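Listing of input03.cif; format and content: mmCIF, C-alpha atoms.
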```cif
data_my_file
#
loop_
_atom_site.label_atom_id
_atom_site.label_comp_id
_atom_site.auth_asym_id
_atom_site.auth_seq_id
_atom_site.Cartn_x
_atom_site.Cartn_y
_atom_site.Cartn_z
CA MET A 21 0.00 0.00 0.00
CA ASN A 22 1.29 3.46 -0.84
CA PRO A 23 2.11 5.67 2.16
CA PRO A 24 -0.42 8.35 3.09
CA THR A 25 0.21 11.89 1.95
CA HIS A 26 -0.90 15.22 3.38
CA ARG A 27 -3.08 17.87 1.80
CA THR A 28 -3.20 21.47 2.94
CA VAL A 29 -6.83 22.51 3.23
CA ALA A 30 -8.41 25.96 3.42
CA THR A 31 -10.92 26.33 6.23
CA LEU A 32 -13.63 28.95 6.51
CA LYS A 33 -15.50 29.12 9.79
CA LEU A 34 -18.51 31.22 8.93
CA PRO A 35 -19.60 33.13 12.03
CA ARG A 36 -23.16 33.48 13.18
CA GLY A 37 -24.56 36.95 12.97
CA ALA A 38 -24.70 39.38 10.09
CA LEU A 39 -22.11 41.80 11.45
CA LEU A 40 -19.50 39.10 12.05
CA LEU A 41 -20.12 37.64 8.61
CA LEU A 42 -19.75 41.07 7.06
CA GLY A 43 -16.43 41.52 8.85
CA LEU A 44 -15.10 38.21 7.55
CA ALA A 45 -16.31 38.89 4.01
CA LYS A 46 -14.66 42.33 3.96
CA THR A 47 -11.38 40.87 5.22
CA ILE A 48 -11.36 38.21 2.48
CA LEU A 49 -12.37 40.75 -0.16
CA GLN A 50 -9.46 43.00 0.85
CA ALA A 51 -7.04 40.04 0.89
CA LEU A 52 -7.99 38.92 -2.61
CA THR A 53 -8.14 42.37 -4.20
CA GLY A 54 -4.97 42.80 -6.22
CA ASN A 55 -3.60 39.46 -5.00
CA SER A 56 -1.54 38.15 -7.93
CA ALA A 57 -1.81 34.58 -6.65
CA PHE A 58 -5.55 34.67 -7.35
CA PRO A 59 -5.92 36.42 -10.71
CA ASN A 60 -9.40 35.13 -11.60
CA PRO A 61 -11.52 34.76 -8.47
CA ASP A 62 -14.59 32.59 -8.92
CA PRO A 63 -17.10 34.04 -8.25
CA PRO A 64 -15.73 37.47 -9.23
CA LEU A 65 -14.88 39.87 -6.44
CA ALA A 66 -17.50 42.25 -7.81
CA ALA A 67 -20.16 39.70 -6.87
CA LEU A 68 -18.74 39.43 -3.37
CA GLN A 69 -18.63 43.21 -3.03
CA ALA A 70 -22.24 43.48 -4.17
CA ALA A 71 -23.36 40.80 -1.69
CA ILE A 72 -21.61 42.67 1.11
CA ALA A 73 -23.39 45.89 0.14
CA ASP A 74 -26.74 44.10 -0.06
CA LEU A 75 -26.35 42.65 3.43
CA GLU A 76 -25.26 46.00 4.87
CA ALA A 77 -28.37 47.61 3.40
CA ALA A 78 -30.63 44.83 4.67
CA TYR A 79 -29.08 45.05 8.13
CA ALA A 80 -29.74 48.78 8.22
CA VAL A 81 -33.41 48.22 7.41
CA VAL A 82 -33.66 45.70 10.27
CA GLN A 83 -32.69 48.48 12.67
CA THR A 84 -35.84 50.35 11.63
CA ARG A 85 -37.95 47.32 12.59
CA ALA A 86 -39.65 47.39 9.24
CA LYS A 87 -41.96 44.49 8.48
CA GLY A 88 -40.20 41.67 6.64
CA ALA A 89 -36.77 43.18 7.19
CA VAL A 90 -35.44 40.23 9.20
CA ALA A 91 -36.40 37.72 6.52
CA THR A 92 -34.69 39.84 3.87
CA ARG A 93 -31.57 40.14 6.01
CA ASP A 94 -31.45 36.38 6.53
CA GLN A 95 -31.71 35.85 2.79
CA LYS A 96 -28.80 38.22 2.20
CA VAL A 97 -26.80 36.40 4.89
CA ALA A 98 -27.36 33.08 3.10
CA THR A 99 -26.34 34.60 -0.23
CA LEU A 100 -23.12 36.04 1.17
CA ALA A 101 -22.27 32.79 2.99
CA ALA A 102 -22.74 30.81 -0.23
CA LEU A 103 -20.42 33.17 -2.12
CA LEU A 104 -17.75 32.82 0.55
CA ARG A 105 -17.93 29.03 0.30
CA GLN A 106 -17.50 29.26 -3.47
CA ILE A 107 -14.51 31.54 -3.05
CA LYS A 108 -13.00 29.10 -0.55
CA ALA A 109 -13.34 26.36 -3.17
CA TYR A 110 -11.51 28.59 -5.67
CA VAL A 111 -8.73 29.30 -3.17
CA GLN A 112 -8.43 25.56 -2.52
CA LYS A 113 -8.14 24.85 -6.24
CA VAL A 114 -5.26 27.32 -6.54
CA ALA A 115 -3.59 25.88 -3.44
CA ASP A 116 -3.90 22.30 -4.73
CA ALA A 117 -2.09 23.35 -7.91
CA ALA A 118 0.93 24.48 -5.87
CA PRO A 119 1.14 22.11 -2.88
CA ASP A 120 4.54 23.38 -1.76
CA LYS A 121 3.09 26.88 -1.39
CA ALA A 122 -0.44 25.89 -0.39
CA ALA A 123 -0.35 27.12 3.20
CA ALA A 124 1.02 30.54 2.26
CA LEU A 125 -1.51 30.91 -0.54
CA ILE A 126 -4.43 30.09 1.71
CA GLN A 127 -3.23 32.46 4.41
CA SER A 128 -2.77 35.24 1.86
CA ALA A 129 -6.51 34.93 1.18
CA SER A 130 -7.20 35.47 4.92
CA MET A 131 -8.36 31.91 5.41
CA SER A 132 -7.22 29.37 7.96
CA VAL A 133 -5.11 26.32 7.18
CA LYS A 134 -5.29 22.73 8.25
CA LYS A 135 -3.56 19.60 7.00
CA VAL A 136 -5.44 16.40 6.42
CA THR A 137 -4.10 12.95 5.73
CA VAL A 138 -4.94 11.62 2.30
CA ARG A 139 -4.55 7.89 2.00
CA ALA A 140 -3.30 6.85 -1.40
CA ARG A 141 -5.19 4.26 -3.34
CA ARG A 142 -3.97 0.75 -2.76
CA ALA A 143 -1.60 -0.42 -5.47
CA PHE A 144 -1.52 -3.86 -7.04
CA ALA A 145 0.04 -6.29 -4.59
CA VAL A 146 0.96 -9.98 -4.75
CA LYS A 147 1.64 -12.08 -1.66
CA HIS A 148 1.74 -15.67 -0.54
CA GLY A 149 -1.57 -17.34 0.17
CA THR A 150 -2.57 -19.19 3.29
CA VAL A 151 -1.89 -22.63 1.82
CA SER A 152 1.03 -24.00 -0.16
CA GLY A 153 0.79 -23.28 -3.88
CA SER A 154 -1.56 -20.32 -3.44
CA VAL A 155 -1.05 -16.62 -4.14
CA ALA A 156 -3.27 -13.73 -3.03
CA LEU A 157 -3.72 -10.76 -5.37
CA VAL A 158 -5.23 -7.41 -4.39
CA THR A 159 -5.56 -4.06 -6.13
CA ALA A 160 -7.35 -0.71 -5.97
CA TYR A 161 -11.13 -0.46 -6.10
CA ALA A 162 -12.13 0.53 -9.63
CA GLY A 163 -15.63 1.76 -8.84
CA PRO A 164 -19.16 0.38 -8.77
CA ARG A 165 -20.11 -2.29 -11.31
CA ALA A 166 -16.46 -2.99 -12.07
CA SER A 167 -15.07 -6.49 -12.41
CA TYR A 168 -11.47 -7.65 -12.35
CA GLU A 169 -9.60 -10.00 -14.64
CA TRP A 170 -6.49 -11.80 -13.39
CA ALA A 171 -3.75 -13.68 -15.20
CA PHE A 172 -0.52 -15.47 -14.35
CA SER A 173 2.51 -16.72 -16.28
CA ALA A 174 4.97 -19.48 -15.45
CA ASP A 175 7.34 -18.71 -18.34
CA ALA A 176 8.38 -15.09 -17.69
CA GLY A 177 5.43 -13.64 -19.57
CA LYS A 178 5.72 -15.58 -22.84
CA THR A 179 2.29 -17.09 -22.28
CA TRP A 180 -0.45 -16.12 -19.88
CA GLN A 181 -3.20 -18.12 -18.23
CA GLU A 182 -6.30 -16.30 -17.06
CA ALA A 183 -7.73 -16.95 -13.62
CA ARG A 184 -11.38 -16.61 -12.70
CA ALA A 185 -12.64 -13.02 -12.96
CA THR A 186 -14.06 -11.47 -9.80
CA LEU A 187 -16.36 -8.65 -8.76
CA GLN A 188 -14.06 -7.81 -5.85
CA SER A 189 -10.65 -6.19 -6.19
CA LYS A 190 -8.94 -9.26 -4.78
CA THR A 191 -8.60 -12.95 -5.49
CA THR A 192 -6.61 -16.03 -4.60
CA ILE A 193 -5.05 -18.33 -7.21
CA LEU A 194 -4.61 -21.94 -6.14
CA GLY A 195 -2.72 -24.93 -7.46
CA LEU A 196 0.55 -23.23 -8.41
CA GLN A 197 3.89 -25.03 -8.29
CA PRO A 198 5.74 -24.35 -5.02
CA GLY A 199 9.27 -23.06 -5.62
CA ALA A 200 8.45 -21.78 -9.12
CA THR A 201 8.51 -18.10 -10.07
CA TYR A 202 5.30 -16.69 -11.55
CA LEU A 203 4.28 -13.37 -12.99
CA PHE A 204 0.86 -11.94 -12.12
CA ARG A 205 -1.19 -9.15 -13.66
CA TYR A 206 -4.71 -7.80 -13.62
CA ARG A 207 -7.01 -5.35 -15.35
CA PRO A 208 -10.28 -3.77 -14.25
CA VAL A 209 -13.29 -3.98 -16.52
CA THR A 210 -15.75 -1.10 -16.25
CA LYS A 211 -18.90 -0.08 -18.05
CA ALA A 212 -16.88 2.34 -20.16
CA ALA A 213 -14.23 -0.08 -21.43
CA ASN A 214 -11.59 -2.65 -20.66
CA THR A 215 -8.36 -1.11 -19.47
CA ASP A 216 -4.86 -2.31 -20.28
CA TRP A 217 -3.24 -5.06 -18.28
CA SER A 218 -1.18 -3.86 -15.33
CA GLN A 219 2.56 -4.15 -15.12
CA PRO A 220 3.26 -7.74 -13.97
CA LEU A 221 4.62 -8.55 -10.55
CA SER A 222 6.66 -11.64 -9.79
CA LEU A 223 6.62 -13.97 -6.81
CA ILE A 224 8.28 -17.26 -5.89
CA VAL A 225 5.40 -19.48 -4.80
CA GLN A 226 5.69 -21.25 -1.48
#
```
Can you give me the file's structure in the form of structure tokens?
Amino acid sequence: MNPPTHRTVATLKLPRGALLLLGLAKTILQALTGNSAFPNPDPPLAALQAAIADLEAAYAVVQTRAKGAVATRDQKVATLAALLRQIKAYVQKVADAAPDKAAALIQSASMSVKKVTVRARRAFAVKHGTVSGSVALVTAYAGPRASYEWAFSADAGKTWQEARATLQSKTTILGLQPGATYLFRYRPVTKAANTDWSQPLSLIVQ
């Protein structure tokens, strides 16, 4: 199995309350304005600026206790929060494209940073089975409705013998000659198409 890696992730803790949300939005807007690391914000900063202005106006109306003002303010809060989440996704996309600078990029957008462990997909592996003459094969999950074809060779890949296909990403091949060296390979079969055979792995059977 491949070792786990780490991904630097942008976090955005949206505060409760219109005024606190406005403060966060203004800070992020200022951080991204003219920031060369984020040349094409998505959504555009103009949309964020407009949402900030809309919420400020709605908040002011609430202070007058006008009928329906609270519902309008809450709607503007939801709109601004959604825009901030979209901008966070854009910042994350930029950070993912430059993992060695990800933390600095995220912080330059006035967002917080955390690192999460990303477990790599399991690679094709071949190991001895539980009984003599058996070999266990396992590989990465290829998705729903996928099946897996397996093959082995006793003559260094000159000829191949196919084992029983499976619906799981693992199988055990029995009846091999102990002490002999075999090559093993597999390929996933999906609804889209058959993929190429994997690079073969060798093992001396016990």
Best match for closeness to Tyr202 of chain A among A:Thr84, A:Gln188, A:Gln219, A:Ser173, counting all atoms listed in the file
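Closest candidate: A:Ser173.
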Residues near Ala80 of chain A, cut-off 10 Å, all atoms listed in the file, skip fewer than 5 positions along chain, as a list in words
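The contact residues come out as Asp74, Leu75, Arg85, Ala89 and Arg93 of chain A.
Distances to Val155 of chain A were evaluated for A:Val111, A:Ala30, A:Leu203, A:Leu41 using all atoms listed in the file, and the minimum falls at A:Leu203.
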Could you tell me which of A:Ser189, A:Gln197, A:Asn214, A:Gln112 comes closest to Met131 of chain A if we count only C-alpha atoms?
A:Gln112
I want to know what sits within 9 Å of Val29 of chain A, based on all atoms listed in the file, with residues of the same chain fewer than 5 positions away left out; could you give that as number ranges by chain?
A: 112, 115-116, 122-123, 126, 132-136
Fewer than 3 positions away in the same chain doesn't count, so skip those; otherwise give me all residues within 10 Å of Ala174 of chain A, counting all atoms listed in the file, as number ranges by chain.
A: 177-181, 196-197, 200-204, 222
Shell around Pro198 of chain A at 7 Å using all atoms listed in the file, local window under 6 positions removed, as a list in words
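So, after excluding close chain neighbours, the residues are Ser152, Gly153, Val225 and Gln226 of chain A.
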Could you write out as an mmCIF file with C-alpha atoms, keeping the file's coordinate frame the residues that the PyMOL selection byres ((chain A and resi 42) around 10) matches in the shown file?
```cif
data_model
loop_
_atom_site.group_PDB
_atom_site.id
_atom_site.type_symbol
_atom_site.label_atom_id
_atom_site.label_comp_id
_atom_site.auth_asym_id
_atom_site.auth_seq_id
_atom_site.Cartn_x
_atom_site.Cartn_y
_atom_site.Cartn_z
ATOM 1 C CA PRO A 35 -19.600 33.130 12.030
ATOM 2 C CA GLY A 37 -24.560 36.950 12.970
ATOM 3 C CA ALA A 38 -24.700 39.380 10.090
ATOM 4 C CA LEU A 39 -22.110 41.800 11.450
ATOM 5 C CA LEU A 40 -19.500 39.100 12.050
ATOM 6 C CA LEU A 41 -20.120 37.640 8.610
ATOM 7 C CA GLY A 43 -16.430 41.520 8.850
ATOM 8 C CA LEU A 44 -15.100 38.210 7.550
ATOM 9 C CA ALA A 45 -16.310 38.890 4.010
ATOM 10 C CA LYS A 46 -14.660 42.330 3.960
ATOM 11 C CA THR A 47 -11.380 40.870 5.220
ATOM 12 C CA ILE A 48 -11.360 38.210 2.480
ATOM 13 C CA ALA A 71 -23.360 40.800 -1.690
ATOM 14 C CA ILE A 72 -21.610 42.670 1.110
ATOM 15 C CA ALA A 73 -23.390 45.890 0.140
ATOM 16 C CA LEU A 75 -26.350 42.650 3.430
ATOM 17 C CA GLU A 76 -25.260 46.000 4.870
ATOM 18 C CA VAL A 97 -26.800 36.400 4.890
ATOM 19 C CA LEU A 100 -23.120 36.040 1.170
ATOM 20 C CA ALA A 101 -22.270 32.790 2.990
#
```
Because the input lacks atoms here, generate N, CA, C and O atoms for segment 31-56 of chain A and report them as a PDB file, in the frame of the given file.
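Generated output (selection14.pdb):
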```pdb
ATOM      1  N   THR A  31      -9.746  26.424   5.377  1.00  0.00           N
ATOM      2  CA  THR A  31     -10.920  26.330   6.230  1.00  0.00           C
ATOM      3  C   THR A  31     -11.565  27.707   6.344  1.00  0.00           C
ATOM      4  O   THR A  31     -10.884  28.736   6.336  1.00  0.00           O
ATOM      5  N   LEU A  32     -12.867  27.706   6.462  1.00  0.00           N
ATOM      6  CA  LEU A  32     -13.630  28.950   6.510  1.00  0.00           C
ATOM      7  C   LEU A  32     -14.736  28.768   7.539  1.00  0.00           C
ATOM      8  O   LEU A  32     -15.782  28.190   7.244  1.00  0.00           O
ATOM      9  N   LYS A  33     -14.504  29.243   8.739  1.00  0.00           N
ATOM     10  CA  LYS A  33     -15.500  29.120   9.790  1.00  0.00           C
ATOM     11  C   LYS A  33     -16.426  30.326   9.712  1.00  0.00           C
ATOM     12  O   LYS A  33     -16.086  31.420  10.174  1.00  0.00           O
ATOM     13  N   LEU A  34     -17.560  30.117   9.101  1.00  0.00           N
ATOM     14  CA  LEU A  34     -18.510  31.220   8.930  1.00  0.00           C
ATOM     15  C   LEU A  34     -19.165  31.543  10.269  1.00  0.00           C
ATOM     16  O   LEU A  34     -19.793  30.679  10.894  1.00  0.00           O
ATOM     17  N   PRO A  35     -19.033  32.771  10.727  1.00  0.00           N
ATOM     18  CA  PRO A  35     -19.600  33.130  12.030  1.00  0.00           C
ATOM     19  C   PRO A  35     -21.109  33.304  11.962  1.00  0.00           C
ATOM     20  O   PRO A  35     -21.684  33.554  10.902  1.00  0.00           O
ATOM     21  N   ARG A  36     -21.740  33.192  13.096  1.00  0.00           N
ATOM     22  CA  ARG A  36     -23.160  33.480  13.180  1.00  0.00           C
ATOM     23  C   ARG A  36     -23.328  34.986  13.403  1.00  0.00           C
ATOM     24  O   ARG A  36     -22.549  35.602  14.102  1.00  0.00           O
ATOM     25  N   GLY A  37     -24.322  35.525  12.813  1.00  0.00           N
ATOM     26  CA  GLY A  37     -24.560  36.950  12.970  1.00  0.00           C
ATOM     27  C   GLY A  37     -24.121  37.722  11.742  1.00  0.00           C
ATOM     28  O   GLY A  37     -23.033  37.496  11.204  1.00  0.00           O
ATOM     29  N   ALA A  38     -24.965  38.636  11.313  1.00  0.00           N
ATOM     30  CA  ALA A  38     -24.700  39.380  10.090  1.00  0.00           C
ATOM     31  C   ALA A  38     -23.453  40.233  10.183  1.00  0.00           C
ATOM     32  O   ALA A  38     -22.658  40.303   9.237  1.00  0.00           O
ATOM     33  N   LEU A  39     -23.265  40.904  11.321  1.00  0.00           N
ATOM     34  CA  LEU A  39     -22.110  41.800  11.450  1.00  0.00           C
ATOM     35  C   LEU A  39     -20.796  41.041  11.396  1.00  0.00           C
ATOM     36  O   LEU A  39     -19.833  41.484  10.747  1.00  0.00           O
ATOM     37  N   LEU A  40     -20.726  39.898  12.070  1.00  0.00           N
ATOM     38  CA  LEU A  40     -19.500  39.100  12.050  1.00  0.00           C
ATOM     39  C   LEU A  40     -19.230  38.556  10.654  1.00  0.00           C
ATOM     40  O   LEU A  40     -18.080  38.515  10.199  1.00  0.00           O
ATOM     41  N   LEU A  41     -20.278  38.141   9.972  1.00  0.00           N
ATOM     42  CA  LEU A  41     -20.120  37.640   8.610  1.00  0.00           C
ATOM     43  C   LEU A  41     -19.650  38.752   7.680  1.00  0.00           C
ATOM     44  O   LEU A  41     -18.783  38.538   6.826  1.00  0.00           O
ATOM     45  N   LEU A  42     -20.190  39.934   7.861  1.00  0.00           N
ATOM     46  CA  LEU A  42     -19.750  41.070   7.060  1.00  0.00           C
ATOM     47  C   LEU A  42     -18.264  41.356   7.289  1.00  0.00           C
ATOM     48  O   LEU A  42     -17.514  41.637   6.350  1.00  0.00           O
ATOM     49  N   GLY A  43     -17.836  41.271   8.539  1.00  0.00           N
ATOM     50  CA  GLY A  43     -16.430  41.520   8.850  1.00  0.00           C
ATOM     51  C   GLY A  43     -15.514  40.514   8.170  1.00  0.00           C
ATOM     52  O   GLY A  43     -14.476  40.884   7.598  1.00  0.00           O
ATOM     53  N   LEU A  44     -15.902  39.241   8.201  1.00  0.00           N
ATOM     54  CA  LEU A  44     -15.100  38.210   7.550  1.00  0.00           C
ATOM     55  C   LEU A  44     -15.069  38.423   6.038  1.00  0.00           C
ATOM     56  O   LEU A  44     -14.008  38.328   5.398  1.00  0.00           O
ATOM     57  N   ALA A  45     -16.224  38.705   5.463  1.00  0.00           N
ATOM     58  CA  ALA A  45     -16.310  38.890   4.010  1.00  0.00           C
ATOM     59  C   ALA A  45     -15.450  40.065   3.559  1.00  0.00           C
ATOM     60  O   ALA A  45     -14.754  40.001   2.540  1.00  0.00           O
ATOM     61  N   LYS A  46     -15.459  41.151   4.316  1.00  0.00           N
ATOM     62  CA  LYS A  46     -14.660  42.330   3.960  1.00  0.00           C
ATOM     63  C   LYS A  46     -13.165  42.021   4.058  1.00  0.00           C
ATOM     64  O   LYS A  46     -12.370  42.484   3.234  1.00  0.00           O
ATOM     65  N   THR A  47     -12.786  41.234   5.054  1.00  0.00           N
ATOM     66  CA  THR A  47     -11.380  40.870   5.220  1.00  0.00           C
ATOM     67  C   THR A  47     -10.904  40.030   4.029  1.00  0.00           C
ATOM     68  O   THR A  47      -9.814  40.246   3.485  1.00  0.00           O
ATOM     69  N   ILE A  48     -11.722  39.064   3.615  1.00  0.00           N
ATOM     70  CA  ILE A  48     -11.360  38.210   2.480  1.00  0.00           C
ATOM     71  C   ILE A  48     -11.356  39.018   1.189  1.00  0.00           C
ATOM     72  O   ILE A  48     -10.459  38.851   0.335  1.00  0.00           O
ATOM     73  N   LEU A  49     -12.325  39.904   1.036  1.00  0.00           N
ATOM     74  CA  LEU A  49     -12.370  40.750  -0.160  1.00  0.00           C
ATOM     75  C   LEU A  49     -11.100  41.589  -0.257  1.00  0.00           C
ATOM     76  O   LEU A  49     -10.492  41.690  -1.331  1.00  0.00           O
ATOM     77  N   GLN A  50     -10.681  42.178   0.841  1.00  0.00           N
ATOM     78  CA  GLN A  50      -9.460  43.000   0.850  1.00  0.00           C
ATOM     79  C   GLN A  50      -8.231  42.153   0.539  1.00  0.00           C
ATOM     80  O   GLN A  50      -7.331  42.571  -0.189  1.00  0.00           O
ATOM     81  N   ALA A  51      -8.200  40.913   1.086  1.00  0.00           N
ATOM     82  CA  ALA A  51      -7.040  40.040   0.890  1.00  0.00           C
ATOM     83  C   ALA A  51      -6.907  39.597  -0.563  1.00  0.00           C
ATOM     84  O   ALA A  51      -5.789  39.414  -1.067  1.00  0.00           O
ATOM     85  N   LEU A  52      -8.019  39.412  -1.234  1.00  0.00           N
ATOM     86  CA  LEU A  52      -7.990  38.920  -2.610  1.00  0.00           C
ATOM     87  C   LEU A  52      -7.856  40.041  -3.636  1.00  0.00           C
ATOM     88  O   LEU A  52      -7.422  39.796  -4.765  1.00  0.00           O
ATOM     89  N   THR A  53      -8.229  41.245  -3.265  1.00  0.00           N
ATOM     90  CA  THR A  53      -8.140  42.370  -4.200  1.00  0.00           C
ATOM     91  C   THR A  53      -6.683  42.675  -4.530  1.00  0.00           C
ATOM     92  O   THR A  53      -5.881  42.962  -3.636  1.00  0.00           O
ATOM     93  N   GLY A  54      -6.343  42.547  -5.793  1.00  0.00           N
ATOM     94  CA  GLY A  54      -4.970  42.800  -6.220  1.00  0.00           C
ATOM     95  C   GLY A  54      -3.985  41.705  -5.860  1.00  0.00           C
ATOM     96  O   GLY A  54      -2.774  41.876  -6.042  1.00  0.00           O
ATOM     97  N   ASN A  55      -4.468  40.578  -5.376  1.00  0.00           N
ATOM     98  CA  ASN A  55      -3.600  39.460  -5.000  1.00  0.00           C
ATOM     99  C   ASN A  55      -3.228  38.686  -6.268  1.00  0.00           C
ATOM    100  O   ASN A  55      -4.074  38.019  -6.868  1.00  0.00           O
ATOM    101  N   SER A  56      -1.973  38.767  -6.672  1.00  0.00           N
ATOM    102  CA  SER A  56      -1.540  38.150  -7.930  1.00  0.00           C
ATOM    103  C   SER A  56      -1.642  36.636  -7.917  1.00  0.00           C
ATOM    104  O   SER A  56      -1.653  36.004  -8.977  1.00  0.00           O
TER     105      SER A  56
END
```
